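Q: So that we are looking at the same thing, I have put the structure below in structure tokens.
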Amino acid sequence: MKQLKKAIAGLSALAILLSGGFGIVPQSAVEFGIAASAEADYTEDTYEALTYRNYEDHIEIVGCDKSATSIIIPEYIEGYPVTVIGENAFSGCTKLYEIQIDPDRSELTAIERGAFENCEKLERFVVFTKIDKISADTFKGCRNLSYVFFEDSVKTIESGAFSGCEKLETIYYGGDEKSWNAMEINKEENDAFINADVQLGSNSITKIKDEGSIQILKFPNKTEYQIGEELDLTGGFFCGGYTTVYLGKTKHGDFVNADLAEYVDRGTLKLDDSEFDNTKPGTYMIHIKYYDDVDSFKVTVKEAAPTIPLGNLNGDDAINANDAAILLAAAAASGAGGDSGLTEEQIKAADLNADDNFDAIDAAIILQYAAYAGTGGKDSIQDFIKILQ
């Protein structure tokens with residue numbers, strides 16, 4: 001809800017009435033009118049999670065939704081530059097872990113006292129804009145703040161600016177040693193700042209990490225395998241992009257749309273096939289990593305299909321009494337401790353009931369199926385076995 005401006009003229013008129021007419025206006029009333037006007041010459045509104053004041057030549061951020069976790073400080077609101085983060089503007093925003101300020105476009109010139117006091121989850125803060133001081137109690141109680149960066153425009157660190165910042169490790173300062181030594185640092189409740197490691201110069205704008213994104217657009221041609229077959233990524237297609245994050249700055253890389261197998265071979269994509277086991281049947285996830293992002297797809301491994309059809313031991317494309325006779329003879333020889341005389345593929349084809357054995361029961365199934373097929377039955381032997389079960 002916008003507040004109406006309080007006009008200077010209105011306050012002056014009130015002062016005249018209080019003085020009893022158009023005579024001499026008491027000095028205190030004039031001072032009151034001027035002071036009230038100076039404080040009230042703005043409108044107040046909200047922008048996303050922020051509360052701000054519009055002075056019609058600049059914007060001041062004065063408050064924030066306490067439940068906010070990530071905040072972007074805009075360069076402009078209502079067409080006016082955001083130049084000030086006001087006193088205690090974010091104080092007590094205990095869930096706030098990230099504040100983004102565009103280093104190339106921001107108009108920010110002042111961060112006032114206690115602006116981020118007790119923002120307990122805030123981990124880093126980067127100020128590339130031309131502020132001249134870190135005000136008193138600015139980061140007081142920010143116990144997870146690990147580093148800050150600011151330009152050599154900062155000439156003063158006021159008392160308690162970093163009070164309670166027990167995890168503060170590094171100060172990245174854009175100026176040289178001479179500028180650093182010339183800075184006025186109030187030592188009162190600023191032990192964390194004084195004891196932190198200091199990185200000087202423009203080279204202190206260090207690379208933090210690469211962030212990637214990947215999406216598999218087309219799965220490889222082969223996602224079903226038989227035991228013993230190797231993983232094959234041929235035919236797979238992906239799109240991916242990366243972002244290099246520097247301290248306070250971000251550089252976007254190009255997006256690529258390319259062949260999955262080719263980019264794994266190049267080493268651009270990292271293949272994680274640690275779950276894949278081609279020695280036993282199962283379903284396995286294959287993971288493709290691009291920088292810190294991962295996309296995955298599923299493959300299955302099945303028993304190798306026998307070259308000899310189930311039940312057709314002599315390979316004559318007919319399942320009949322001849323196959324049953326071969327099976328019974330092999331079972332008798334094996335039962336007597338001798339060699340069955342069957343190949344591995346024949347043994348698989350002889351185990352019709354899938355009990356890892358071949359015997360008279362399997363022979364009986366062959367004879368039953370032969371009788372069924374002889375009367376015109378059309379089901380495959382596999383479907384016939386299901387009916388028997």
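Letters A, B, ... go to the chains of the structure tokens in the order shown; residues in each chain start at 1; ligands are counted from 1 in the same order.
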I'd like a table as JSON lines: residues in range 121-213 of chain A with an atom no more than 8 Å from range 88-101 of chain A, each row giving the shortest atom pair and its distance in Å to one decimal, only C-alpha atoms counted, sorted by chain and rising residue number.

A:
```
{"residue": "A:Lys121", "atom": "CA", "partner": "A:Tyr97", "partner_atom": "CA", "distance": 4.7}
{"residue": "A:Leu122", "atom": "CA", "partner": "A:Tyr97", "partner_atom": "CA", "distance": 4.0}
{"residue": "A:Glu123", "atom": "CA", "partner": "A:Tyr97", "partner_atom": "CA", "distance": 6.1}
{"residue": "A:Arg124", "atom": "CA", "partner": "A:Glu98", "partner_atom": "CA", "distance": 7.3}
{"residue": "A:Phe125", "atom": "CA", "partner": "A:Ile99", "partner_atom": "CA", "distance": 7.0}
{"residue": "A:Val126", "atom": "CA", "partner": "A:Ile101", "partner_atom": "CA", "distance": 7.5}
{"residue": "A:Val127", "atom": "CA", "partner": "A:Ile101", "partner_atom": "CA", "distance": 7.4}
```

Q: Name the residues in contact with Ala350 in chain A at a cut-off of 12 Å, using only C-alpha atoms, excluding same-chain residues fewer than 4 positions from it; report them as a PyMOL selection string.

A: chain A and resi 306+308-315+319+323-331+340+342-346+354-366

Q: Quick one: residues within 9 Å of range 161-170 of chain A, only C-alpha atoms counted, chain neighbours fewer than 5 positions away excluded, as a VMD selection string?

A: chain A and resid 113 to 114 117 123 134 to 149 186 188 to 193 195 to 199

Q: From the options A:Ile214, A:Val154, A:Ile194, A:Ile73, which residue's atoms come nearest to Ile171 in chain A, counting only C-alpha atoms?

A: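 Checking each of A:Ile214, A:Val154, A:Ile194, A:Ile73 against Ile171 in chain A, counting only C-alpha atoms, the winner is A:Ile194.
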
Q: Please report, as a list in words, each residue of range 52-240 of chain A to which DSSP assigns alpha helix (DSSP H) when run on this structure's backbone.

A: Glu177, Lys178, Ser179, Trp180, Asn181, Ala182, Asp191, Ala192, Phe193, Ile194 and Asn195 of chain A

Q: Go ahead and compute the interatomic distance for CA of Asp41 in chain A and CA of Ile59 in chain A, in Å to one decimal.

A: 12.2 Å

Q: Have a look at A:Phe384, A:Gly228, A:His58, A:Phe297 and name the one nearest to Glu78 in chain A; count only C-alpha atoms.

A: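 Of A:Phe384, A:Gly228, A:His58, A:Phe297, the one nearest Glu78 in chain A is A:His58, counting only C-alpha atoms.
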
Q: Write out as an MDAnalysis selection string the residues lying within 10 Å of Ile385 in chain A, counting only C-alpha atoms and excluding same-chain residues fewer than 4 positions away.

A: chainID A and resid 352:353 365:366 368:369 379:381 389

Q: Since we have the selection now, will you write its residues out, keeping C-alpha atoms, as a JSON list (two decimals), in the first residue's frame?

A:
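File again-v2.json, as written:
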```
[["chain", "number", "residue", "atom", "x", "y", "z"],
["A", 352, "LEU", "CA", 11.17, -77.15, -20.26],
["A", 353, "ASN", "CA", 9.90, -76.52, -16.72],
["A", 365, "ILE", "CA", 5.86, -82.07, -21.50],
["A", 366, "ILE", "CA", 7.34, -82.62, -24.96],
["A", 368, "GLN", "CA", 1.99, -83.60, -24.34],
["A", 369, "TYR", "CA", 2.86, -80.68, -26.61],
["A", 379, "ASP", "CA", 0.15, -72.03, -29.26],
["A", 380, "SER", "CA", 3.92, -71.95, -28.94],
["A", 381, "ILE", "CA", 5.49, -74.40, -26.53],
["A", 389, "GLN", "CA", 1.30, -74.41, -14.95]]
```

Q: Between A:Asp65, A:Glu112, A:Asp295, A:Glu44, which has the minimum distance to Leu217 in chain A (counting only C-alpha atoms)?

A: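 Ranked by minimum distance to Leu217 in chain A, first place goes to A:Asp295.
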
Q: Could you work out how far CA of Ile72 in chain A lies from CA of Ala115 in chain A, giving the answer in Å with one decimal?

A: 15.0 Å

Q: Show me, as an mmCIF file with all heavy atoms, in the first residue's frame, the residues that have an atom within 12 Å of Glu177 in chain A when counting only C-alpha atoms, minus same-chain residues fewer than 6 positions from it.

A:
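Okay, result-v4.cif is ready:
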```cif
data_model
loop_
_atom_site.group_PDB
_atom_site.id
_atom_site.type_symbol
_atom_site.label_atom_id
_atom_site.label_comp_id
_atom_site.auth_asym_id
_atom_site.auth_seq_id
_atom_site.Cartn_x
_atom_site.Cartn_y
_atom_site.Cartn_z
ATOM 1 N N ASP A 152 38.002 -1.586 -4.051
ATOM 2 C CA ASP A 152 38.886 -0.681 -3.301
ATOM 3 C C ASP A 152 38.219 0.664 -3.015
ATOM 4 O O ASP A 152 38.828 1.541 -2.394
ATOM 5 C CB ASP A 152 40.198 -0.466 -4.044
ATOM 6 C CG ASP A 152 40.010 0.071 -5.448
ATOM 7 O OD1 ASP A 152 38.846 0.291 -5.855
ATOM 8 O OD2 ASP A 152 41.020 0.276 -6.149
ATOM 9 N N MET A 183 43.042 1.642 4.588
ATOM 10 C CA MET A 183 41.651 1.513 5.030
ATOM 11 C C MET A 183 41.536 1.738 6.540
ATOM 12 O O MET A 183 42.375 1.270 7.313
ATOM 13 C CB MET A 183 41.124 0.124 4.667
ATOM 14 C CG MET A 183 39.628 -0.042 4.904
ATOM 15 S SD MET A 183 39.087 -1.750 4.633
ATOM 16 C CE MET A 183 39.648 -2.030 2.962
ATOM 17 N N VAL A 198 43.430 -12.423 3.681
ATOM 18 C CA VAL A 198 43.121 -11.349 2.745
ATOM 19 C C VAL A 198 43.751 -11.641 1.391
ATOM 20 O O VAL A 198 44.955 -11.916 1.300
ATOM 21 C CB VAL A 198 43.623 -9.981 3.266
ATOM 22 C CG1 VAL A 198 43.306 -8.881 2.260
ATOM 23 C CG2 VAL A 198 42.997 -9.665 4.615
ATOM 24 N N GLN A 199 42.917 -11.617 0.345
ATOM 25 C CA GLN A 199 43.390 -11.773 -1.032
ATOM 26 C C GLN A 199 43.257 -10.422 -1.726
ATOM 27 O O GLN A 199 42.167 -9.864 -1.807
ATOM 28 C CB GLN A 199 42.574 -12.827 -1.764
ATOM 29 C CG GLN A 199 42.599 -14.207 -1.131
ATOM 30 C CD GLN A 199 43.957 -14.868 -1.293
ATOM 31 O OE1 GLN A 199 44.638 -14.692 -2.298
ATOM 32 N NE2 GLN A 199 44.349 -15.646 -0.290
ATOM 33 N N LEU A 200 44.379 -9.895 -2.242
ATOM 34 C CA LEU A 200 44.399 -8.557 -2.804
ATOM 35 C C LEU A 200 44.403 -8.575 -4.326
ATOM 36 O O LEU A 200 44.885 -9.528 -4.952
ATOM 37 C CB LEU A 200 45.633 -7.794 -2.313
ATOM 38 C CG LEU A 200 45.776 -7.603 -0.801
ATOM 39 C CD1 LEU A 200 47.100 -6.935 -0.486
ATOM 40 C CD2 LEU A 200 44.622 -6.766 -0.264
ATOM 41 N N GLY A 201 43.896 -7.492 -4.920
ATOM 42 C CA GLY A 201 44.011 -7.286 -6.353
ATOM 43 C C GLY A 201 42.893 -7.910 -7.156
ATOM 44 O O GLY A 201 42.110 -8.712 -6.663
ATOM 45 N N SER A 202 42.854 -7.521 -8.435
ATOM 46 C CA SER A 202 41.792 -8.006 -9.309
ATOM 47 C C SER A 202 41.860 -9.507 -9.517
ATOM 48 O O SER A 202 40.862 -10.155 -9.825
ATOM 49 C CB SER A 202 41.868 -7.299 -10.669
ATOM 50 O OG SER A 202 43.135 -7.515 -11.267
#
```
